[in-house]
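Text of target.pdb (PDB, C-alpha atoms) as supplied:
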```pdb
ATOM      1  CA  MET A  17       7.052  85.611 -40.363
ATOM      2  CA  ALA A  18       6.090  84.092 -36.999
ATOM      3  CA  ALA A  19       8.802  83.642 -34.368
ATOM      4  CA  LEU A  20      10.029  80.094 -33.976
ATOM      5  CA  GLU A  21       9.246  78.357 -30.716
ATOM      6  CA  ASP A  22      11.957  77.236 -28.363
ATOM      7  CA  GLY A  23      13.373  73.894 -29.376
ATOM      8  CA  VAL A  24      12.995  74.557 -33.090
ATOM      9  CA  LEU A  25      16.400  74.657 -34.760
ATOM     10  CA  ASP A  26      17.683  76.128 -37.987
ATOM     11  CA  GLY A  27      19.519  74.710 -40.954
ATOM     12  CA  ASN A  28      22.920  75.158 -39.305
ATOM     13  CA  ALA A  29      22.002  72.146 -37.179
ATOM     14  CA  ILE A  30      21.791  69.798 -40.167
ATOM     15  CA  GLY A  31      24.978  70.947 -41.873
ATOM     16  CA  GLY A  32      26.675  67.649 -41.017
ATOM     17  CA  LEU A  33      23.794  65.522 -42.259
ATOM     18  CA  LEU A  34      23.597  67.481 -45.521
ATOM     19  CA  LEU A  35      27.358  67.436 -46.000
ATOM     20  CA  GLU A  36      27.316  63.674 -45.734
ATOM     21  CA  LEU A  37      24.301  63.299 -48.063
ATOM     22  CA  PHE A  38      25.233  65.859 -50.705
ATOM     23  CA  GLY A  39      29.015  65.734 -50.382
ATOM     24  CA  THR A  40      29.347  69.499 -50.103
ATOM     25  CA  GLU A  41      28.641  72.391 -47.727
ATOM     26  CA  MET A  42      24.892  72.986 -47.968
ATOM     27  CA  THR A  43      23.984  75.489 -45.243
ATOM     28  CA  THR A  44      24.685  78.353 -47.651
ATOM     29  CA  ALA A  45      22.802  76.671 -50.506
ATOM     30  CA  VAL A  46      19.719  78.611 -51.533
ATOM     31  CA  GLY A  47      16.327  76.927 -51.636
ATOM     32  CA  THR A  48      13.067  78.126 -53.141
ATOM     33  CA  CYS A  49       9.864  77.104 -51.422
ATOM     34  CA  ALA A  50       7.542  75.286 -53.840
ATOM     35  CA  GLY A  51       4.582  76.597 -51.856
ATOM     36  CA  CYS A  52       5.112  80.347 -51.560
ATOM     37  CA  GLY A  53       8.274  81.015 -53.536
ATOM     38  CA  THR A  54      10.274  82.287 -50.560
ATOM     39  CA  VAL A  55      13.992  82.081 -51.210
ATOM     40  CA  ALA A  56      16.280  81.345 -48.262
ATOM     41  CA  GLN A  57      19.611  79.848 -47.408
ATOM     42  CA  VAL A  58      19.338  76.428 -45.831
ATOM     43  CA  ALA A  59      20.834  77.853 -42.594
ATOM     44  CA  GLU A  60      17.823  80.166 -42.314
ATOM     45  CA  MET A  61      15.168  77.451 -42.658
ATOM     46  CA  ALA A  62      13.286  76.037 -39.677
ATOM     47  CA  VAL A  63      14.386  72.575 -38.607
ATOM     48  CA  TYR A  64      12.317  70.173 -36.512
ATOM     49  CA  GLN A  65      13.870  66.983 -35.264
ATOM     50  CA  PRO A  66      11.302  64.601 -33.852
ATOM     51  CA  LYS A  67      12.566  61.101 -33.068
ATOM     52  CA  LEU A  68      11.638  59.822 -36.508
ATOM     53  CA  GLY A  69      13.955  62.105 -38.462
ATOM     54  CA  THR A  70      14.365  65.668 -39.640
ATOM     55  CA  VAL A  71      11.759  68.015 -41.111
ATOM     56  CA  VAL A  72      12.758  71.337 -42.698
ATOM     57  CA  ARG A  73      10.072  73.983 -43.087
ATOM     58  CA  CYS A  74       9.709  77.338 -44.843
ATOM     59  CA  ARG A  75       9.937  80.286 -42.412
ATOM     60  CA  SER A  76       7.276  82.179 -44.351
ATOM     61  CA  CYS A  77       4.497  79.662 -45.050
ATOM     62  CA  ASP A  78       5.455  76.615 -42.937
ATOM     63  CA  ASN A  79       5.467  74.391 -46.034
ATOM     64  CA  VAL A  80       7.548  71.226 -45.570
ATOM     65  CA  LEU A  81      10.632  71.721 -47.728
ATOM     66  CA  MET A  82      12.741  68.676 -46.940
ATOM     67  CA  VAL A  83      12.352  65.450 -44.970
ATOM     68  CA  PHE A  84      15.152  63.097 -43.945
ATOM     69  CA  VAL A  85      14.435  59.732 -42.369
ATOM     70  CA  GLU A  86      16.995  57.029 -41.685
ATOM     71  CA  VAL A  87      15.751  53.485 -42.108
ATOM     72  CA  ARG A  88      18.155  50.653 -41.316
ATOM     73  CA  GLY A  89      21.189  52.785 -42.062
ATOM     74  CA  VAL A  90      19.814  54.251 -45.300
ATOM     75  CA  THR A  91      18.741  57.895 -45.300
ATOM     76  CA  CYS A  92      15.573  58.607 -47.285
ATOM     77  CA  VAL A  93      15.439  62.142 -48.660
ATOM     78  CA  ASP A  94      12.274  63.952 -49.735
ATOM     79  CA  LEU A  95      12.834  67.342 -51.375
ATOM     80  CA  ARG A  96       9.403  67.786 -52.958
ATOM     81  CA  GLY A  97       8.704  70.968 -51.035
ATOM     82  CA  LEU A  98      11.533  72.762 -52.797
ATOM     83  CA  ALA A  99      11.105  74.224 -56.258
ATOM     84  CA  GLN A 100      14.860  74.663 -56.441
ATOM     85  CA  LEU A 101      17.973  74.016 -54.355
ATOM     86  CA  ALA A 102      21.230  75.442 -55.603
TER
ATOM     87  CA  MET B  24      29.641  57.243 -59.364
ATOM     88  CA  ALA B  25      33.371  57.428 -59.517
ATOM     89  CA  GLY B  26      35.197  56.545 -56.346
ATOM     90  CA  THR B  27      36.969  59.860 -56.415
ATOM     91  CA  ALA B  28      33.673  61.650 -55.916
ATOM     92  CA  VAL B  29      33.322  59.979 -52.562
ATOM     93  CA  ARG B  30      36.865  60.150 -51.295
ATOM     94  CA  GLY B  31      36.798  63.800 -50.286
ATOM     95  CA  ARG B  32      33.520  63.432 -48.462
ATOM     96  CA  LEU B  33      33.258  64.450 -44.907
ATOM     97  CA  THR B  34      32.606  61.523 -42.705
ATOM     98  CA  TRP B  35      33.121  60.286 -39.181
ATOM     99  CA  GLN B  36      36.614  60.128 -37.831
ATOM    100  CA  THR B  37      38.207  59.383 -34.504
ATOM    101  CA  ALA B  38      39.396  62.215 -32.281
ATOM    102  CA  THR B  39      41.436  61.851 -29.111
ATOM    103  CA  VAL B  40      40.620  63.996 -26.130
ATOM    104  CA  GLY B  41      43.540  66.197 -25.129
ATOM    105  CA  ALA B  42      43.411  68.844 -22.428
ATOM    106  CA  VAL B  43      40.198  69.195 -20.445
ATOM    107  CA  MET B  44      39.301  72.464 -18.754
ATOM    108  CA  ASP B  45      36.365  73.355 -16.530
ATOM    109  CA  GLU B  46      34.886  76.741 -17.433
ATOM    110  CA  THR B  47      32.047  76.717 -14.893
ATOM    111  CA  PRO B  48      30.654  73.933 -12.677
ATOM    112  CA  ALA B  49      28.481  72.745 -15.599
ATOM    113  CA  VAL B  50      30.634  73.668 -18.584
ATOM    114  CA  ARG B  51      33.808  72.054 -19.812
ATOM    115  CA  THR B  52      36.133  72.722 -22.716
ATOM    116  CA  LEU B  53      37.637  69.683 -24.412
ATOM    117  CA  SER B  54      40.519  70.009 -26.791
ATOM    118  CA  LEU B  55      40.522  67.345 -29.467
ATOM    119  CA  GLU B  56      43.379  65.852 -31.399
ATOM    120  CA  VAL B  57      42.120  65.092 -34.890
ATOM    121  CA  PRO B  58      44.702  63.593 -37.240
ATOM    122  CA  ASP B  59      42.987  64.557 -40.504
ATOM    123  CA  TRP B  60      41.499  67.895 -39.496
ATOM    124  CA  ALA B  61      40.939  70.023 -42.601
ATOM    125  CA  GLY B  62      41.117  73.277 -40.621
ATOM    126  CA  HIS B  63      38.062  75.239 -39.591
ATOM    127  CA  ARG B  64      36.571  78.717 -39.873
ATOM    128  CA  ALA B  65      35.451  80.892 -36.973
ATOM    129  CA  GLY B  66      31.857  79.997 -36.136
ATOM    130  CA  GLN B  67      31.760  76.495 -37.580
ATOM    131  CA  HIS B  68      30.679  73.450 -35.610
ATOM    132  CA  LEU B  69      31.306  69.731 -35.513
ATOM    133  CA  ASP B  70      29.106  66.747 -34.812
ATOM    134  CA  ILE B  71      29.835  64.181 -32.127
ATOM    135  CA  ARG B  72      28.484  60.640 -32.260
ATOM    136  CA  LEU B  73      28.351  58.317 -29.294
ATOM    137  CA  THR B  74      27.591  54.633 -29.758
ATOM    138  CA  ALA B  75      26.372  52.532 -26.827
ATOM    139  CA  ASP B  76      27.315  48.889 -26.360
ATOM    140  CA  ASP B  77      23.923  47.846 -27.737
ATOM    141  CA  GLY B  78      24.497  49.884 -30.893
ATOM    142  CA  TYR B  79      22.233  52.803 -29.926
ATOM    143  CA  ARG B  80      23.650  56.026 -31.299
ATOM    144  CA  ALA B  81      23.246  59.638 -30.327
ATOM    145  CA  GLU B  82      24.548  62.598 -32.321
ATOM    146  CA  ARG B  83      24.929  66.205 -31.247
ATOM    147  CA  SER B  84      26.394  69.352 -32.778
ATOM    148  CA  TYR B  85      28.858  71.510 -30.864
ATOM    149  CA  SER B  86      30.315  74.825 -31.900
ATOM    150  CA  ILE B  87      34.063  74.916 -32.269
ATOM    151  CA  ALA B  88      35.436  77.097 -29.480
ATOM    152  CA  SER B  89      38.933  77.640 -30.855
ATOM    153  CA  ALA B  90      40.090  80.043 -33.547
ATOM    154  CA  PRO B  91      41.161  78.865 -36.982
ATOM    155  CA  GLY B  92      44.766  77.721 -36.714
ATOM    156  CA  GLU B  93      44.396  76.652 -33.104
ATOM    157  CA  PRO B  94      43.862  73.037 -32.054
ATOM    158  CA  VAL B  95      40.224  71.996 -32.259
ATOM    159  CA  ALA B  96      38.301  72.541 -29.041
ATOM    160  CA  ILE B  97      34.643  72.365 -28.096
ATOM    161  CA  THR B  98      32.915  73.792 -25.045
ATOM    162  CA  VAL B  99      30.076  71.653 -23.731
ATOM    163  CA  GLU B 100      27.400  72.562 -21.234
ATOM    164  CA  ARG B 101      26.076  69.671 -19.164
ATOM    165  CA  LEU B 102      22.341  69.168 -19.413
ATOM    166  CA  ASP B 103      21.348  66.914 -16.545
ATOM    167  CA  ASP B 104      18.726  65.098 -18.600
ATOM    168  CA  GLY B 105      20.935  65.011 -21.692
ATOM    169  CA  GLU B 106      22.085  61.857 -23.467
ATOM    170  CA  VAL B 107      25.434  63.155 -24.611
ATOM    171  CA  SER B 108      26.550  66.174 -22.584
ATOM    172  CA  PRO B 109      26.825  64.388 -19.196
ATOM    173  CA  TYR B 110      29.181  61.890 -20.804
ATOM    174  CA  LEU B 111      31.264  64.596 -22.480
ATOM    175  CA  THR B 112      31.525  66.734 -19.355
ATOM    176  CA  GLN B 113      31.830  64.078 -16.644
ATOM    177  CA  GLU B 114      33.066  60.804 -18.092
ATOM    178  CA  LEU B 115      35.499  61.638 -20.866
ATOM    179  CA  ARG B 116      39.170  61.804 -19.897
ATOM    180  CA  ALA B 117      42.300  62.895 -21.705
ATOM    181  CA  GLY B 118      43.327  60.088 -24.038
ATOM    182  CA  ASP B 119      39.765  58.843 -24.627
ATOM    183  CA  GLU B 120      38.536  58.565 -28.196
ATOM    184  CA  ILE B 121      35.272  59.856 -29.654
ATOM    185  CA  GLU B 122      33.769  59.970 -33.134
ATOM    186  CA  ILE B 123      33.475  63.386 -34.730
ATOM    187  CA  ARG B 124      32.431  64.822 -38.092
ATOM    188  CA  GLY B 125      33.466  68.284 -39.191
ATOM    189  CA  PRO B 126      34.134  71.098 -39.666
ATOM    190  CA  ILE B 127      30.575  71.978 -40.652
ATOM    191  CA  GLY B 128      28.800  75.116 -41.825
ATOM    192  CA  GLY B 129      29.458  78.062 -44.095
ATOM    193  CA  TYR B 130      26.719  80.459 -43.034
ATOM    194  CA  PHE B 131      27.487  81.328 -39.411
ATOM    195  CA  VAL B 132      31.154  82.138 -39.990
ATOM    196  CA  TRP B 133      33.171  85.303 -39.649
ATOM    197  CA  GLU B 134      36.093  86.227 -41.852
ATOM    198  CA  PRO B 135      38.306  89.182 -40.966
ATOM    199  CA  PRO B 136      38.047  92.246 -43.196
ATOM    200  CA  GLY B 137      39.507  92.212 -46.523
ATOM    201  CA  THR B 138      36.430  90.280 -47.432
ATOM    202  CA  ASP B 139      34.042  92.601 -45.666
ATOM    203  CA  GLY B 140      35.564  96.046 -45.280
ATOM    204  CA  ALA B 141      35.800  97.431 -41.778
ATOM    205  CA  ALA B 142      32.293  96.433 -40.755
ATOM    206  CA  PRO B 143      32.067  96.543 -36.967
ATOM    207  CA  LEU B 144      31.199  93.258 -35.404
ATOM    208  CA  LEU B 145      28.186  92.850 -33.158
ATOM    209  CA  LEU B 146      28.062  89.552 -31.302
ATOM    210  CA  LEU B 147      25.030  88.574 -29.274
ATOM    211  CA  ALA B 148      25.154  85.473 -27.111
ATOM    212  CA  GLY B 149      22.511  83.699 -25.086
ATOM    213  CA  GLY B 150      24.134  81.289 -22.626
ATOM    214  CA  SER B 151      26.455  78.817 -24.298
ATOM    215  CA  GLY B 152      25.715  80.573 -27.584
ATOM    216  CA  VAL B 153      28.873  82.475 -26.707
ATOM    217  CA  VAL B 154      31.027  79.562 -27.872
ATOM    218  CA  PRO B 155      31.210  80.239 -31.643
ATOM    219  CA  LEU B 156      31.392  83.978 -30.923
ATOM    220  CA  ARG B 157      34.416  83.351 -28.703
ATOM    221  CA  ALA B 158      36.050  81.591 -31.663
ATOM    222  CA  MET B 159      35.414  84.736 -33.727
ATOM    223  CA  LEU B 160      36.909  87.009 -31.058
ATOM    224  CA  ARG B 161      39.959  84.779 -30.695
ATOM    225  CA  TYR B 162      40.385  84.771 -34.450
ATOM    226  CA  ARG B 163      40.061  88.549 -34.551
ATOM    227  CA  SER B 164      42.911  88.818 -32.019
ATOM    228  CA  ARG B 165      44.943  86.134 -33.733
ATOM    229  CA  VAL B 166      44.950  87.894 -37.095
ATOM    230  CA  GLY B 167      45.497  91.302 -35.467
ATOM    231  CA  SER B 168      42.255  92.705 -36.822
ATOM    232  CA  SER B 169      41.330  96.198 -35.654
ATOM    233  CA  VAL B 170      37.648  95.812 -36.485
ATOM    234  CA  PRO B 171      35.653  97.180 -33.544
ATOM    235  CA  ALA B 172      33.776  94.378 -31.827
ATOM    236  CA  ARG B 173      31.067  94.383 -29.233
ATOM    237  CA  LEU B 174      29.704  91.340 -27.431
ATOM    238  CA  LEU B 175      26.427  91.304 -25.538
ATOM    239  CA  TYR B 176      26.392  88.176 -23.413
ATOM    240  CA  SER B 177      23.180  87.149 -21.692
ATOM    241  CA  ALA B 178      23.666  84.652 -18.867
ATOM    242  CA  ARG B 179      21.536  83.620 -15.936
ATOM    243  CA  SER B 180      24.173  84.492 -13.343
ATOM    244  CA  TRP B 181      27.811  85.551 -13.090
ATOM    245  CA  ALA B 182      28.724  82.009 -12.057
ATOM    246  CA  GLU B 183      27.355  80.721 -15.356
ATOM    247  CA  VAL B 184      29.393  83.082 -17.530
ATOM    248  CA  ILE B 185      31.752  81.013 -19.682
ATOM    249  CA  TYR B 186      35.274  82.328 -20.563
ATOM    250  CA  ARG B 187      35.023  85.055 -17.888
ATOM    251  CA  GLY B 188      38.757  85.573 -17.549
ATOM    252  CA  GLU B 189      39.423  85.566 -21.263
ATOM    253  CA  LEU B 190      36.616  87.976 -22.049
ATOM    254  CA  ALA B 191      37.924  90.386 -19.414
ATOM    255  CA  ARG B 192      41.357  90.424 -21.086
ATOM    256  CA  LEU B 193      40.256  91.051 -24.670
ATOM    257  CA  GLY B 194      40.909  94.799 -24.562
ATOM    258  CA  ASP B 195      41.927  96.486 -27.808
ATOM    259  CA  GLY B 196      38.715  97.443 -29.530
ATOM    260  CA  VAL B 197      36.521  94.767 -27.986
ATOM    261  CA  GLN B 198      33.742  95.693 -25.622
ATOM    262  CA  VAL B 199      31.939  93.042 -23.585
ATOM    263  CA  ILE B 200      28.550  93.874 -22.096
ATOM    264  CA  TYR B 201      26.772  91.441 -19.809
ATOM    265  CA  THR B 202      23.203  91.003 -18.828
ATOM    266  CA  LEU B 203      22.550  88.674 -15.911
ATOM    267  CA  THR B 204      18.947  87.614 -16.114
ATOM    268  CA  ARG B 205      18.304  85.723 -12.888
ATOM    269  CA  GLN B 206      20.896  86.535 -10.271
ATOM    270  CA  GLN B 207      23.368  89.374  -9.973
ATOM    271  CA  PRO B 208      26.368  89.712  -7.669
ATOM    272  CA  PRO B 209      26.230  92.408  -4.979
ATOM    273  CA  GLY B 210      26.897  95.843  -6.432
ATOM    274  CA  TRP B 211      26.154  94.733 -10.006
ATOM    275  CA  THR B 212      25.688  97.752 -12.240
ATOM    276  CA  GLY B 213      25.209  96.004 -15.572
ATOM    277  CA  TYR B 214      22.006  94.884 -17.206
ATOM    278  CA  ALA B 215      19.883  92.556 -15.114
ATOM    279  CA  ARG B 216      17.089  91.491 -17.446
ATOM    280  CA  ARG B 217      16.426  89.510 -20.589
ATOM    281  CA  ALA B 218      17.540  91.171 -23.780
ATOM    282  CA  ASP B 219      14.826  93.496 -25.000
ATOM    283  CA  PRO B 220      14.464  96.078 -27.784
ATOM    284  CA  GLU B 221      15.722  98.915 -25.561
ATOM    285  CA  MET B 222      18.862  96.994 -24.584
ATOM    286  CA  ILE B 223      19.569  95.944 -28.158
ATOM    287  CA  ALA B 224      19.166  99.548 -29.314
ATOM    288  CA  GLU B 225      21.698 100.622 -26.670
ATOM    289  CA  VAL B 226      24.380  98.063 -27.506
ATOM    290  CA  ALA B 227      23.980  97.797 -31.284
ATOM    291  CA  TRP B 228      26.306  99.697 -33.601
ATOM    292  CA  PRO B 229      24.477 102.347 -35.603
ATOM    293  CA  VAL B 230      23.123 100.967 -38.867
ATOM    294  CA  THR B 231      25.052 103.663 -40.728
ATOM    295  CA  GLN B 232      28.311 101.870 -39.848
ATOM    296  CA  ALA B 233      27.122  98.816 -41.811
ATOM    297  CA  PRO B 234      27.703  96.422 -38.913
ATOM    298  CA  LEU B 235      27.689  92.682 -39.209
ATOM    299  CA  ALA B 236      25.767  90.850 -36.470
ATOM    300  CA  TYR B 237      25.990  87.262 -35.240
ATOM    301  CA  VAL B 238      23.339  85.993 -32.860
ATOM    302  CA  CYS B 239      23.670  82.605 -31.193
ATOM    303  CA  GLY B 240      21.680  81.069 -28.373
ATOM    304  CA  PRO B 241      18.442  79.315 -27.538
ATOM    305  CA  THR B 242      15.747  79.812 -30.168
ATOM    306  CA  ASN B 243      13.661  82.307 -28.196
ATOM    307  CA  PHE B 244      16.748  84.480 -27.556
ATOM    308  CA  VAL B 245      17.780  84.421 -31.209
ATOM    309  CA  GLU B 246      14.276  85.110 -32.488
ATOM    310  CA  ALA B 247      13.816  88.108 -30.195
ATOM    311  CA  VAL B 248      17.261  89.640 -30.722
ATOM    312  CA  ALA B 249      17.295  89.160 -34.499
ATOM    313  CA  ALA B 250      13.853  90.769 -34.738
ATOM    314  CA  ASP B 251      15.059  93.701 -32.611
ATOM    315  CA  LEU B 252      18.053  94.242 -34.893
ATOM    316  CA  VAL B 253      15.918  94.158 -38.022
ATOM    317  CA  ALA B 254      13.530  96.631 -36.383
ATOM    318  CA  LEU B 255      16.528  98.932 -35.834
ATOM    319  CA  GLY B 256      17.181  98.815 -39.560
ATOM    320  CA  TYR B 257      19.770  96.055 -39.778
ATOM    321  CA  PRO B 258      19.333  94.320 -43.138
ATOM    322  CA  PRO B 259      18.301  90.687 -42.453
ATOM    323  CA  GLN B 260      21.248  89.418 -44.483
ATOM    324  CA  ARG B 261      23.621  91.265 -42.077
ATOM    325  CA  VAL B 262      22.152  89.378 -39.105
ATOM    326  CA  LYS B 263      23.481  85.837 -39.022
ATOM    327  CA  THR B 264      21.681  83.508 -36.659
ATOM    328  CA  GLU B 265      22.318  80.130 -35.105
ATOM    329  CA  ARG B 266      19.809  78.486 -32.784
ATOM    330  CA  PHE B 267      20.422  75.957 -30.064
ATOM    331  CA  GLY B 268      17.594  73.519 -29.467
ATOM    332  CA  ALA B 269      16.419  71.640 -26.429
ATOM    333  CA  THR B 270      19.424  69.377 -26.768
ATOM    334  CA  GLY B 271      21.896  72.215 -26.606
ATOM    335  CA  THR B 272      20.010  74.969 -24.817
ATOM    336  CA  PRO B 273      21.580  76.703 -21.833
TER
END
```

Rewrite the structure of this file - the entire thing - as structure tokens.
Amino acid sequence: MAALEDGVLDGNAIGGLLLELFGTEMTTAVGTCAGCGTVAQVAEMAVYQPKLGTVVRCRSCDNVLMVFVEVRGVTCVDLRGLAQLA
Amino acid sequence: MAGTAVRGRLTWQTATVGAVMDETPAVRTLSLEVPDWAGHRAGQHLDIRLTADDGYRAERSYSIASAPGEPVAITVERLDDGEVSPYLTQELRAGDEIEIRGPIGGYFVWEPPGTDGAAPLLLLAGGSGVVPLRAMLRYRSRVGSSVPARLLYSARSWAEVIYRGELARLGDGVQVIYTLTRQQPPGWTGYARRADPEMIAEVAWPVTQAPLAYVCGPTNFVEAVAADLVALGYPPQRVKTERFGATGTP
């Protein structure tokens, strides 16, 4: 598992966003990477926040797990990189 | 969807700034009066949203600096090129209102034993990463816990150490160890370098005591320290991490 570079956050940082979207505490939810099968709590995932939105990646294989983009007040959610989120 | 499913949802609410206290020249603690505060856990954070006159919005997360049961407070470090922190540390006055959302997070939280035996607590802070760890230490005192606690606090200089007075008074079973990475006062005998494997090995509780570690700071600090702890034999699930990004980095 490569060390994250400075500026990269973790899933703690998107706890508020996820709480608003899912209606419940999600940083302790467990996700399974659809790419490599790595299982991790959301708080442990790598979070990138370029201007356009939020990208969550697997710490093991760098696969994109989740993408959140807000367009005119509506948040678009893409969870295709997760085999499971519970 | 039934309306009841939405009612309990966390959303933005208005907080009023109460007492304001300068911790260092660049760091300020703001206490917040929040009418519908649900109560928080030690280590949780909240989000702050600022809206400009033209509708532009900026959101940032700040760790809650106060213990559960105490009034909500956040400690903010001013980043000179920041969008939010200069306003919070220089413009906001007691009585002003801001939008907040919280409390947030269930991973980087400490609960006193009962739930976790007598596991000694190892807290490792890089810069303003000390804020949620201070909430844990205050909570430990507040509930009268006797769990041994050790804090390694990495700061650039003594002048940049947040909560200096409070950390000096913790006493009873709490040990605070500093490393000053850039500038040390005359006669300084403590660590004077970035945290490294040798330092972590010296301050960490032996693995045999089943310690619980919390690491908070800029990403490079957290990555290095967490890796050092795992190399010492700490199980990864006993090393809780929280990273500050460019927007919150000391």

Name the residues within 7 Å of (40.3, 56.9, -28.2), counting all atoms listed in the file in the file's coordinates, and put them as number ranges by chain.
B: 38-39, 118-121

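Of the listed residues A:Leu95, A:Val71, A:Val24, A:Ala45, the one whose atoms come nearest to chain B is A:Val24, with distances taken using all atoms listed in the file.
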
Give me the chain B side of the contact with chain A, cut-off 7 Å, one line per residue showing its nearest atom pair and distance in Å at one decimal, counting all atoms listed in the file, sorted by chain and residue number, as JSON lines.
```
{"residue": "B:Arg32", "atom": "CA", "partner": "A:Gly39", "partner_atom": "CA", "distance": 5.4}
{"residue": "B:Leu33", "atom": "CA", "partner": "A:Glu36", "partner_atom": "CA", "distance": 6.0}
{"residue": "B:Thr34", "atom": "CA", "partner": "A:Glu36", "partner_atom": "CA", "distance": 6.5}
{"residue": "B:Asp70", "atom": "CA", "partner": "A:Gly32", "partner_atom": "CA", "distance": 6.7}
{"residue": "B:Ser84", "atom": "CA", "partner": "A:Ala29", "partner_atom": "CA", "distance": 6.8}
{"residue": "B:Ile127", "atom": "CA", "partner": "A:Gly31", "partner_atom": "CA", "distance": 5.8}
{"residue": "B:Gly128", "atom": "CA", "partner": "A:Gly31", "partner_atom": "CA", "distance": 5.7}
{"residue": "B:Gly129", "atom": "CA", "partner": "A:Thr44", "partner_atom": "CA", "distance": 6.0}
{"residue": "B:Tyr130", "atom": "CA", "partner": "A:Thr44", "partner_atom": "CA", "distance": 5.5}
{"residue": "B:Pro241", "atom": "CA", "partner": "A:Asp22", "partner_atom": "CA", "distance": 6.9}
{"residue": "B:Thr242", "atom": "CA", "partner": "A:Asp22", "partner_atom": "CA", "distance": 4.9}
{"residue": "B:Asn243", "atom": "CA", "partner": "A:Asp22", "partner_atom": "CA", "distance": 5.4}
{"residue": "B:Glu246", "atom": "CA", "partner": "A:Ala19", "partner_atom": "CA", "distance": 6.0}
{"residue": "B:Glu265", "atom": "CA", "partner": "A:Asn28", "partner_atom": "CA", "distance": 6.5}
{"residue": "B:Arg266", "atom": "CA", "partner": "A:Leu25", "partner_atom": "CA", "distance": 5.5}
{"residue": "B:Phe267", "atom": "CA", "partner": "A:Leu25", "partner_atom": "CA", "distance": 6.3}
{"residue": "B:Gly268", "atom": "CA", "partner": "A:Gly23", "partner_atom": "CA", "distance": 4.2}
{"residue": "B:Ala269", "atom": "CA", "partner": "A:Gly23", "partner_atom": "CA", "distance": 4.8}
```

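With all atoms listed in the file as the basis for measurement, B:Gln36 is the residue among B:Gly105, B:Thr202, B:Ser151, B:Gln36 that approaches Pro58 in chain B most closely.
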
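Residue neighbourhood of Ala215 in chain B, excluding near-sequence residues (fewer than 3 positions): Tyr176, Ser177, Ala178, Arg179, Ser180, Trp181, Ile200, Tyr201, Thr202, Leu203, Thr204, Arg205, Gln206, Gln207, Pro208, Pro209, Gly210, Trp211, Thr212, Ala218, Asp219 and Met222 of chain B, at 12 Å, using only C-alpha atoms.
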
Exactly which residues make up the result of the PyMOL selection byres ((chain B and resi 62) around 7) on this file, given as an NGL selection string?
:B and (60-61 or 63 or 91-92)

Selected by the PyMOL selection byres ((chain B and resi 115) around 12) in the shown coordinates: which residues, as a list in words?
Thr39, Val40, Gly41, Ala42, Val43, Met44, Arg51, Thr52, Leu53, Ser54, Leu55, Leu73, Val99, Val107, Ser108, Pro109, Tyr110, Leu111, Thr112, Gln113, Glu114, Arg116, Ala117, Gly118, Asp119, Glu120 and Ile121 of chain B

Convert the output of the PyMOL selection byres ((chain A and resi 96) around 8) on the shown file into explicit residues, formatted as a ChimeraX atom specification.
/A:50,81-82,94-95,97-99

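Atom pair CA of Ala96 in chain B / CA of Pro143 in chain B has a distance of 26.0 Å (rounded to one decimal).
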
Please measure the separation of CA of Ile123 in chain B and CA of Thr74 in chain B, giving the value in Å to one decimal.
11.7 Å
